[in-house]
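What's in work10.pdb: PDB, C-alpha atoms
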ATOM      1  CA  MET S 668    -119.592-125.134 -69.080  1.00  0.00           C
ATOM      2  CA  LYS S 669    -122.005-127.993 -68.581  1.00  0.00           C
ATOM      3  CA  ALA S 670    -120.772-131.277 -67.121  1.00  0.00           C
ATOM      4  CA  ILE S 671    -122.175-134.530 -65.787  1.00  0.00           C
ATOM      5  CA  ARG S 672    -121.115-134.986 -62.181  1.00  0.00           C
ATOM      6  CA  PHE S 673    -121.879-137.161 -59.174  1.00  0.00           C
ATOM      7  CA  ASP S 674    -121.854-135.561 -55.736  1.00  0.00           C
ATOM      8  CA  ARG S 675    -121.945-138.852 -53.822  1.00  0.00           C
ATOM      9  CA  PHE S 676    -121.223-142.480 -54.604  1.00  0.00           C
ATOM     10  CA  GLY S 677    -124.148-144.543 -55.873  1.00  0.00           C
ATOM     11  CA  GLY S 678    -126.120-145.657 -58.907  1.00  0.00           C
ATOM     12  CA  PRO S 679    -126.738-143.880 -62.205  1.00  0.00           C
ATOM     13  CA  GLU S 680    -129.343-141.666 -60.544  1.00  0.00           C
ATOM     14  CA  GLU S 681    -126.438-139.828 -58.873  1.00  0.00           C
ATOM     15  CA  LEU S 682    -125.295-138.425 -62.241  1.00  0.00           C
ATOM     16  CA  LYS S 683    -126.482-134.815 -62.581  1.00  0.00           C
ATOM     17  CA  LEU S 684    -126.094-132.191 -65.289  1.00  0.00           C
ATOM     18  CA  VAL S 685    -124.407-129.207 -63.633  1.00  0.00           C
ATOM     19  CA  GLU S 686    -122.811-125.871 -64.517  1.00  0.00           C
ATOM     20  CA  MET S 687    -119.117-125.612 -63.696  1.00  0.00           C
ATOM     21  CA  PRO S 688    -116.398-123.035 -64.363  1.00  0.00           C
ATOM     22  CA  ASP S 689    -114.542-123.489 -67.638  1.00  0.00           C
ATOM     23  CA  PRO S 690    -111.145-125.124 -67.054  1.00  0.00           C
ATOM     24  CA  GLU S 691    -108.030-123.176 -67.980  1.00  0.00           C
ATOM     25  CA  PRO S 692    -105.058-124.900 -69.606  1.00  0.00           C
ATOM     26  CA  GLY S 693    -101.968-124.730 -67.429  1.00  0.00           C
ATOM     27  CA  PRO S 694     -98.392-125.076 -68.680  1.00  0.00           C
ATOM     28  CA  GLY S 695     -98.143-128.250 -70.757  1.00  0.00           C
ATOM     29  CA  ASP S 696    -101.931-128.607 -71.041  1.00  0.00           C
ATOM     30  CA  VAL S 697    -104.352-128.746 -73.958  1.00  0.00           C
ATOM     31  CA  LEU S 698    -107.895-127.345 -73.612  1.00  0.00           C
ATOM     32  CA  ILE S 699    -110.313-129.500 -75.608  1.00  0.00           C
ATOM     33  CA  GLU S 700    -113.897-128.811 -76.645  1.00  0.00           C
ATOM     34  CA  VAL S 701    -115.358-132.276 -76.078  1.00  0.00           C
ATOM     35  CA  HIS S 702    -117.490-133.710 -78.901  1.00  0.00           C
ATOM     36  CA  ALA S 703    -117.738-137.370 -77.804  1.00  0.00           C
ATOM     37  CA  VAL S 704    -116.849-139.516 -74.807  1.00  0.00           C
ATOM     38  CA  SER S 705    -116.697-143.236 -74.175  1.00  0.00           C
ATOM     39  CA  VAL S 706    -118.357-145.056 -71.301  1.00  0.00           C
ATOM     40  CA  VAL S 707    -116.122-147.766 -69.850  1.00  0.00           C
ATOM     41  CA  PRO S 708    -116.563-150.123 -66.872  1.00  0.00           C
ATOM     42  CA  GLY S 709    -114.254-148.003 -64.720  1.00  0.00           C
ATOM     43  CA  ASP S 710    -116.723-145.109 -64.988  1.00  0.00           C
ATOM     44  CA  TRP S 711    -119.581-146.881 -63.227  1.00  0.00           C
ATOM     45  CA  LYS S 712    -117.242-148.617 -60.781  1.00  0.00           C
ATOM     46  CA  LEU S 713    -115.809-145.229 -59.854  1.00  0.00           C
ATOM     47  CA  ARG S 714    -119.302-143.727 -59.486  1.00  0.00           C
ATOM     48  CA  LYS S 715    -120.355-146.564 -57.171  1.00  0.00           C
ATOM     49  CA  GLY S 716    -117.266-146.070 -54.994  1.00  0.00           C
ATOM     50  CA  LEU S 717    -115.798-149.467 -55.878  1.00  0.00           C
ATOM     51  CA  LEU S 718    -112.376-148.110 -56.865  1.00  0.00           C
ATOM     52  CA  THR S 719    -111.528-146.009 -53.812  1.00  0.00           C
ATOM     53  CA  GLY S 720    -108.943-148.595 -52.727  1.00  0.00           C
ATOM     54  CA  MET S 721    -107.056-148.040 -55.999  1.00  0.00           C
ATOM     55  CA  PHE S 722    -107.785-144.380 -56.699  1.00  0.00           C
ATOM     56  CA  PRO S 723    -108.158-141.741 -53.947  1.00  0.00           C
ATOM     57  CA  VAL S 724    -111.328-140.253 -55.436  1.00  0.00           C
ATOM     58  CA  ARG S 725    -113.972-138.393 -53.467  1.00  0.00           C
ATOM     59  CA  PRO S 726    -117.107-136.706 -54.817  1.00  0.00           C
ATOM     60  CA  PRO S 727    -117.933-134.317 -56.285  1.00  0.00           C
ATOM     61  CA  LYS S 728    -116.464-135.874 -59.428  1.00  0.00           C
ATOM     62  CA  VAL S 729    -116.913-135.555 -63.178  1.00  0.00           C
ATOM     63  CA  PRO S 730    -116.408-139.112 -64.482  1.00  0.00           C
ATOM     64  CA  GLY S 731    -115.184-140.176 -67.896  1.00  0.00           C
ATOM     65  CA  ARG S 732    -111.970-141.855 -68.951  1.00  0.00           C
ATOM     66  CA  ASP S 733    -111.743-140.945 -72.640  1.00  0.00           C
ATOM     67  CA  GLY S 734    -112.990-138.443 -75.183  1.00  0.00           C
ATOM     68  CA  ALA S 735    -112.476-136.732 -78.505  1.00  0.00           C
ATOM     69  CA  GLY S 736    -112.836-133.143 -79.632  1.00  0.00           C
ATOM     70  CA  ILE S 737    -111.200-130.002 -80.955  1.00  0.00           C
ATOM     71  CA  VAL S 738    -108.297-128.114 -79.388  1.00  0.00           C
ATOM     72  CA  ARG S 739    -109.481-124.666 -78.230  1.00  0.00           C
ATOM     73  CA  ALA S 740    -106.291-123.499 -76.464  1.00  0.00           C
ATOM     74  CA  VAL S 741    -102.847-124.743 -75.485  1.00  0.00           C
ATOM     75  CA  GLY S 742    -100.793-123.947 -72.420  1.00  0.00           C
ATOM     76  CA  ALA S 743     -97.223-122.715 -72.344  1.00  0.00           C
ATOM     77  CA  GLY S 744     -94.724-125.220 -73.698  1.00  0.00           C
ATOM     78  CA  VAL S 745     -97.167-127.151 -75.889  1.00  0.00           C
ATOM     79  CA  ASP S 746     -95.942-127.301 -79.474  1.00  0.00           C
ATOM     80  CA  ARG S 747     -97.410-130.604 -80.729  1.00  0.00           C
ATOM     81  CA  PHE S 748    -100.976-129.254 -80.901  1.00  0.00           C
ATOM     82  CA  ALA S 749    -102.616-126.102 -82.221  1.00  0.00           C
ATOM     83  CA  VAL S 750    -106.056-124.538 -81.943  1.00  0.00           C
ATOM     84  CA  GLY S 751    -108.418-126.386 -84.284  1.00  0.00           C
ATOM     85  CA  ASP S 752    -106.648-129.771 -84.156  1.00  0.00           C
ATOM     86  CA  ARG S 753    -108.931-132.807 -83.900  1.00  0.00           C
ATOM     87  CA  VAL S 754    -107.726-134.955 -80.998  1.00  0.00           C
ATOM     88  CA  CYS S 755    -108.625-137.806 -78.698  1.00  0.00           C
ATOM     89  CA  PHE S 756    -107.588-137.927 -75.063  1.00  0.00           C
ATOM     90  CA  THR S 757    -107.607-139.925 -71.883  1.00  0.00           C
ATOM     91  CA  CYS S 758    -108.204-138.871 -68.274  1.00  0.00           C
ATOM     92  CA  GLN S 759    -106.858-140.456 -65.129  1.00  0.00           C
ATOM     93  CA  HIS S 760    -109.526-141.608 -62.659  1.00  0.00           C
ATOM     94  CA  VAL S 761    -108.220-139.144 -60.064  1.00  0.00           C
ATOM     95  CA  ASP S 762    -108.647-136.162 -62.438  1.00  0.00           C
ATOM     96  CA  GLN S 763    -111.814-134.464 -63.588  1.00  0.00           C
ATOM     97  CA  GLY S 764    -113.128-136.644 -66.383  1.00  0.00           C
ATOM     98  CA  SER S 765    -114.373-136.299 -69.918  1.00  0.00           C
ATOM     99  CA  TYR S 766    -118.134-135.978 -69.256  1.00  0.00           C
ATOM    100  CA  ALA S 767    -118.012-132.218 -69.789  1.00  0.00           C
ATOM    101  CA  GLN S 768    -118.104-129.669 -72.580  1.00  0.00           C
ATOM    102  CA  LEU S 769    -114.439-128.790 -71.974  1.00  0.00           C
ATOM    103  CA  ALA S 770    -111.468-130.768 -70.694  1.00  0.00           C
ATOM    104  CA  ALA S 771    -107.972-129.500 -69.865  1.00  0.00           C
ATOM    105  CA  ARG S 772    -105.514-132.379 -70.259  1.00  0.00           C
ATOM    106  CA  PRO S 773    -101.736-132.717 -70.132  1.00  0.00           C
ATOM    107  CA  ALA S 774    -100.435-132.862 -73.713  1.00  0.00           C
ATOM    108  CA  ASP S 775     -99.005-136.336 -72.991  1.00  0.00           C
ATOM    109  CA  ASP S 776    -102.604-137.596 -72.552  1.00  0.00           C
ATOM    110  CA  VAL S 777    -103.678-136.255 -75.966  1.00  0.00           C
ATOM    111  CA  VAL S 778    -103.126-137.732 -79.443  1.00  0.00           C
ATOM    112  CA  PRO S 779    -104.165-136.599 -82.929  1.00  0.00           C
ATOM    113  CA  MET S 780    -107.347-138.220 -84.219  1.00  0.00           C
ATOM    114  CA  PRO S 781    -106.719-140.778 -86.962  1.00  0.00           C
ATOM    115  CA  GLU S 782    -107.702-139.641 -90.455  1.00  0.00           C
ATOM    116  CA  GLY S 783    -111.168-140.797 -91.436  1.00  0.00           C
ATOM    117  CA  PHE S 784    -112.351-141.209 -87.843  1.00  0.00           C
ATOM    118  CA  GLY S 785    -115.331-139.360 -86.450  1.00  0.00           C
ATOM    119  CA  PHE S 786    -115.385-138.110 -82.868  1.00  0.00           C
ATOM    120  CA  VAL S 787    -117.484-141.056 -81.651  1.00  0.00           C
ATOM    121  CA  GLU S 788    -115.133-143.643 -83.143  1.00  0.00           C
ATOM    122  CA  ALA S 789    -112.055-141.860 -81.808  1.00  0.00           C
ATOM    123  CA  ALA S 790    -113.465-141.651 -78.273  1.00  0.00           C
ATOM    124  CA  ALA S 791    -114.573-145.286 -78.387  1.00  0.00           C
ATOM    125  CA  VAL S 792    -111.197-146.748 -79.370  1.00  0.00           C
ATOM    126  CA  MET S 793    -109.116-144.893 -76.783  1.00  0.00           C
ATOM    127  CA  HIS S 794    -109.687-147.163 -73.774  1.00  0.00           C
ATOM    128  CA  ALA S 795    -109.581-150.445 -75.687  1.00  0.00           C
ATOM    129  CA  GLY S 796    -106.602-149.292 -77.725  1.00  0.00           C
ATOM    130  CA  VAL S 797    -104.575-148.169 -74.718  1.00  0.00           C
ATOM    131  CA  CYS S 798    -105.364-151.367 -72.784  1.00  0.00           C
ATOM    132  CA  ALA S 799    -104.427-153.548 -75.774  1.00  0.00           C
ATOM    133  CA  TRP S 800    -101.221-151.558 -76.348  1.00  0.00           C
ATOM    134  CA  ILE S 801    -100.166-151.907 -72.707  1.00  0.00           C
ATOM    135  CA  ALA S 802    -100.789-155.676 -72.774  1.00  0.00           C
ATOM    136  CA  VAL S 803     -99.362-156.484 -76.211  1.00  0.00           C
ATOM    137  CA  VAL S 804     -96.459-154.039 -76.498  1.00  0.00           C
ATOM    138  CA  GLY S 805     -95.710-152.826 -72.982  1.00  0.00           C
ATOM    139  CA  THR S 806     -96.154-156.057 -71.016  1.00  0.00           C
ATOM    140  CA  ALA S 807     -95.787-158.979 -73.442  1.00  0.00           C
ATOM    141  CA  GLY S 808     -93.438-157.330 -75.947  1.00  0.00           C
ATOM    142  CA  VAL S 809     -95.058-159.186 -78.863  1.00  0.00           C
ATOM    143  CA  LYS S 810     -92.930-159.253 -82.011  1.00  0.00           C
ATOM    144  CA  ALA S 811     -92.962-160.841 -85.462  1.00  0.00           C
ATOM    145  CA  GLY S 812     -93.073-164.629 -85.333  1.00  0.00           C
ATOM    146  CA  ASP S 813     -94.515-164.839 -81.805  1.00  0.00           C
ATOM    147  CA  ARG S 814     -97.524-167.062 -81.161  1.00  0.00           C
ATOM    148  CA  VAL S 815    -100.167-165.304 -79.083  1.00  0.00           C
ATOM    149  CA  LEU S 816    -103.458-166.393 -77.485  1.00  0.00           C
ATOM    150  CA  VAL S 817    -105.988-163.590 -77.002  1.00  0.00           C
ATOM    151  CA  HIS S 818    -108.901-164.391 -74.688  1.00  0.00           C
ATOM    152  CA  ALA S 819    -112.224-162.648 -75.386  1.00  0.00           C
ATOM    153  CA  ALA S 820    -111.060-161.810 -78.903  1.00  0.00           C
ATOM    154  CA  ALA S 821    -114.525-160.533 -79.894  1.00  0.00           C
ATOM    155  CA  GLY S 822    -114.553-157.847 -77.197  1.00  0.00           C
ATOM    156  CA  ALA S 823    -113.263-154.298 -77.509  1.00  0.00           C
ATOM    157  CA  ILE S 824    -109.870-154.866 -75.884  1.00  0.00           C
ATOM    158  CA  GLY S 825    -109.459-158.395 -77.245  1.00  0.00           C
ATOM    159  CA  GLY S 826    -110.338-157.282 -80.768  1.00  0.00           C
ATOM    160  CA  MET S 827    -107.804-154.473 -80.616  1.00  0.00           C
ATOM    161  CA  ALA S 828    -105.199-156.897 -79.227  1.00  0.00           C
ATOM    162  CA  VAL S 829    -105.792-159.317 -82.128  1.00  0.00           C
ATOM    163  CA  GLN S 830    -105.314-156.560 -84.700  1.00  0.00           C
ATOM    164  CA  LEU S 831    -102.237-155.163 -82.956  1.00  0.00           C
ATOM    165  CA  CYS S 832    -100.610-158.610 -82.715  1.00  0.00           C
ATOM    166  CA  LYS S 833    -101.277-159.245 -86.415  1.00  0.00           C
ATOM    167  CA  HIS S 834     -99.852-155.827 -87.284  1.00  0.00           C
ATOM    168  CA  LEU S 835     -96.694-156.761 -85.380  1.00  0.00           C
ATOM    169  CA  GLY S 836     -96.392-160.015 -87.344  1.00  0.00           C
ATOM    170  CA  ALA S 837     -97.529-162.500 -84.703  1.00  0.00           C
ATOM    171  CA  GLU S 838     -99.560-165.658 -85.240  1.00  0.00           C
ATOM    172  CA  VAL S 839    -102.783-165.200 -83.259  1.00  0.00           C
ATOM    173  CA  ALA S 840    -105.276-167.611 -81.747  1.00  0.00           C
ATOM    174  CA  GLY S 841    -108.364-166.129 -80.152  1.00  0.00           C
ATOM    175  CA  THR S 842    -111.127-167.372 -77.889  1.00  0.00           C
ATOM    176  CA  CYS S 843    -114.733-166.296 -78.414  1.00  0.00           C
ATOM    177  CA  SER S 844    -118.267-167.666 -78.470  1.00  0.00           C
ATOM    178  CA  ALA S 845    -119.198-169.697 -81.542  1.00  0.00           C
ATOM    179  CA  ARG S 846    -121.566-166.947 -82.717  1.00  0.00           C
ATOM    180  CA  ASN S 847    -118.611-164.502 -82.913  1.00  0.00           C
ATOM    181  CA  ARG S 848    -116.377-166.814 -84.969  1.00  0.00           C
ATOM    182  CA  ASP S 849    -116.823-164.857 -88.232  1.00  0.00           C
ATOM    183  CA  HIS S 850    -116.203-161.524 -86.516  1.00  0.00           C
ATOM    184  CA  VAL S 851    -112.980-162.749 -84.906  1.00  0.00           C
ATOM    185  CA  ALA S 852    -111.836-164.284 -88.193  1.00  0.00           C
ATOM    186  CA  ALA S 853    -112.379-160.918 -89.893  1.00  0.00           C
ATOM    187  CA  LEU S 854    -110.117-159.304 -87.262  1.00  0.00           C
ATOM    188  CA  GLY S 855    -107.303-161.565 -88.455  1.00  0.00           C
ATOM    189  CA  CYS S 856    -107.177-164.498 -86.029  1.00  0.00           C
ATOM    190  CA  ASP S 857    -105.246-167.432 -87.475  1.00  0.00           C
ATOM    191  CA  ARG S 858    -106.975-169.898 -85.164  1.00  0.00           C
ATOM    192  CA  ILE S 859    -110.292-169.486 -83.378  1.00  0.00           C
ATOM    193  CA  VAL S 860    -111.209-171.383 -80.222  1.00  0.00           C
ATOM    194  CA  PRO S 861    -114.943-171.146 -79.504  1.00  0.00           C
ATOM    195  CA  TYR S 862    -115.304-171.671 -75.756  1.00  0.00           C
ATOM    196  CA  ASP S 863    -118.933-172.788 -76.002  1.00  0.00           C
ATOM    197  CA  ALA S 864    -118.703-175.320 -78.857  1.00  0.00           C
TER     198      ALA S 864
END

Take the structure in the file and write it out as structure tokens.
Amino acid sequence: MKAIRFDRFGGPEELKLVEMPDPEPGPGDVLIEVHAVSVVPGDWKLRKGLLTGMFPVRPPKVPGRDGAGIVRAVGAGVDRFAVGDRVCFTCQHVDQGSYAQLAARPADDVVPMPEGFGFVEAAAVMHAGVCAWIAVVGTAGVKAGDRVLVHAAAGAIGGMAVQLCKHLGAEVAGTCSARNRDHVAALGCDRIVPYDA
């Protein structure tokens, strides 16, 4: 398979297109033919070597946190997915990433693609969606009737957090620049606080 890999820490010039062996799905894994990936800040920070204190990563490394594609094989014990399923997935920074034609991921890191989504949209929402879910549901435990302030409500994670809070029945205020007021209102914010007005 082809993959994008860096063999040493550095700038974007360190990313090279290389041939690598096809991964094999182990027990509990899903082998995915990758159709789209997202590019998130952690990808370039990892490539530059800025995250080695948090993640024990050493080159050579295929970066990429999230992706979307089609299931090509499943390992023993996987019954939630079948060959041909359209899925999106996430990779841990310490694993081989999504910037490749194939990715073998634990089934727990894979979810069915939402109906009506293309591969690009599915790959793009994974990181922001997971971050928003962790903050809103996992950490804050937002529920109906809560009042929530979302900073950077026009950004990817903030926008997802606004929508998730509204879905859960919370009253939401969001900060954004004045030029993004209409966008944030369309996401469902009850009150908008432009930080530059």

Evaluate the PyMOL selection byres ((chain S and resi 824) around 12) on the structure here and hand back the selected residues as number ranges by chain. S: 707, 791-803, 817-823, 825-831

One decimal place gives the CA of Phe748 in chain S-CA of Ile671 in chain S separation as 26.6 Å

One decimal, in Å: what's the spacing between CA of Lys833 in chain S and CA of Gln759 in chain S?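 Atom-to-atom, CA of Lys833 in chain S and CA of Gln759 in chain S are spaced 28.9 Å apart.
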
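Once the PyMOL selection byres ((chain S and resi 765) around 7) is applied to the shown structure, the selection contains S:Val704, S:Pro730, S:Gly731, S:Arg732, S:Asp733, S:Gly734, S:Cys758, S:Gly764, S:Tyr766, S:Ala767, S:Ala770.
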
CA of Pro727 in chain S and CA of Glu691 in chain S, how far apart in Å?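 Going from CA of Glu691 in chain S over to CA of Pro727 in chain S covers 18.9 Å.
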
Residue neighbourhood Glu686 in chain S, 12 Å, all atoms listed in the file, exclusion window fewer than 6 positions, as an mmCIF file with C-alpha atoms, in the coordinates of the input:
data_model
loop_
_atom_site.group_PDB
_atom_site.id
_atom_site.type_symbol
_atom_site.label_atom_id
_atom_site.label_comp_id
_atom_site.auth_asym_id
_atom_site.auth_seq_id
_atom_site.Cartn_x
_atom_site.Cartn_y
_atom_site.Cartn_z
ATOM 1 C CA MET S 668 -119.592 -125.134 -69.080
ATOM 2 C CA LYS S 669 -122.005 -127.993 -68.581
ATOM 3 C CA ALA S 670 -120.772 -131.277 -67.121
ATOM 4 C CA ILE S 671 -122.175 -134.530 -65.787
ATOM 5 C CA ARG S 672 -121.115 -134.986 -62.181
ATOM 6 C CA VAL S 729 -116.913 -135.555 -63.178
ATOM 7 C CA ALA S 767 -118.012 -132.218 -69.789
ATOM 8 C CA GLN S 768 -118.104 -129.669 -72.580
ATOM 9 C CA LEU S 769 -114.439 -128.790 -71.974
#

Reference answer for the PyMOL selection byres ((chain S and resi 712) around 12), as a ChimeraX atom specification: /S:676-679,706-711,713-722,724,730-732,760

Leaving out Arg858 in chain S and any residue of its chain fewer than 3 positions from it, which residues lie within 9 Å of it when counting only C-alpha atoms, given as a compact mmCIF listing (two decimals) with C-alpha atoms, in the coordinates of the input?
# COMPACT_ATOMS: atom_id res chain seq x y z
CA GLU S 838 -99.56 -165.66 -85.24
CA VAL S 839 -102.78 -165.20 -83.26
CA ALA S 840 -105.28 -167.61 -81.75
CA GLY S 841 -108.36 -166.13 -80.15
CA THR S 842 -111.13 -167.37 -77.89
CA ALA S 852 -111.84 -164.28 -88.19
CA GLY S 855 -107.30 -161.56 -88.46

Given all atoms listed in the file as the counted atoms, nearest of S:Ala774, S:Cys856, S:Glu782, S:Lys728 to Pro694 in chain S: S:Ala774

Let me make sure I understand: among S:Ala703, S:Ala837, S:Asp776, S:Arg846, which one has the smallest atom-to-atom distance to Arg747 in chain S if we use all atoms listed in the file? S:Asp776

Contacts of Ala864 in chain S at 12 Å (only C-alpha atoms; same-chain gap of 5+ positions) as JSON, numbers by chain: {"S": [842, 843, 844, 845, 846, 847, 848, 859]}

If I wrap all listed atoms of range 800-803 of chain S in a box with edges along x, y and z and add 3 Å on each side, what are its centre and edge lengths in Å to one decimal, as AutoDock Vina command-line options?
--center_x -100.3 --center_y -154.0 --center_z -74.5 --size_x 7.9 --size_y 10.9 --size_z 9.6

Taking into account all atoms listed in the file, which residue in the set S:Val738, S:Leu684, S:Val754, S:Cys832 is nearest to Val809 in chain S?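 Of the candidates, the smallest distance to Val809 in chain S is held by S:Cys832.
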
Counting all atoms listed in the file, the residue among S:Asp813, S:Phe756, S:Lys683, S:Val761 that lies closest to Pro723 in chain S is S:Val761

Missing atoms in range 762-776 of chain S need filling: write out N, CA and C atoms for it as a compact mmCIF listing (two decimals), in the coordinates of the input.
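That gives us out_21.txt:
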# COMPACT_ATOMS: atom_id res chain seq x y z
N ASP S 762 -108.43 -137.50 -61.87
CA ASP S 762 -108.65 -136.16 -62.44
C ASP S 762 -110.13 -135.95 -62.73
N GLN S 763 -110.48 -134.69 -63.06
CA GLN S 763 -111.81 -134.46 -63.59
C GLN S 763 -111.88 -135.16 -64.93
N GLY S 764 -113.02 -135.80 -65.21
CA GLY S 764 -113.13 -136.64 -66.38
C GLY S 764 -113.64 -135.95 -67.62
N SER S 765 -114.01 -136.77 -68.58
CA SER S 765 -114.37 -136.30 -69.92
C SER S 765 -115.85 -135.95 -70.09
N TYR S 766 -116.70 -136.24 -69.11
CA TYR S 766 -118.13 -135.98 -69.26
C TYR S 766 -118.43 -134.49 -69.06
N ALA S 767 -117.86 -133.67 -69.89
CA ALA S 767 -118.01 -132.22 -69.79
C ALA S 767 -117.83 -131.60 -71.17
N GLN S 768 -118.26 -130.35 -71.30
CA GLN S 768 -118.10 -129.67 -72.58
C GLN S 768 -116.66 -129.30 -72.88
N LEU S 769 -115.85 -129.14 -71.82
CA LEU S 769 -114.44 -128.79 -71.97
C LEU S 769 -113.60 -129.67 -71.05
N ALA S 770 -112.41 -130.01 -71.52
CA ALA S 770 -111.47 -130.77 -70.69
C ALA S 770 -110.07 -130.20 -70.90
N ALA S 771 -109.38 -129.92 -69.81
CA ALA S 771 -107.97 -129.50 -69.86
C ALA S 771 -107.13 -130.71 -69.50
N ARG S 772 -106.29 -131.17 -70.44
CA ARG S 772 -105.51 -132.38 -70.26
C ARG S 772 -104.04 -132.11 -70.53
N PRO S 773 -103.15 -132.80 -69.79
CA PRO S 773 -101.74 -132.72 -70.13
C PRO S 773 -101.53 -133.18 -71.58
N ALA S 774 -100.66 -132.52 -72.30
CA ALA S 774 -100.44 -132.86 -73.71
C ALA S 774 -100.03 -134.33 -73.89
N ASP S 775 -99.39 -134.92 -72.89
CA ASP S 775 -99.00 -136.34 -72.99
C ASP S 775 -100.20 -137.28 -72.98
N ASP S 776 -101.38 -136.79 -72.57
CA ASP S 776 -102.60 -137.60 -72.55
C ASP S 776 -103.46 -137.36 -73.79
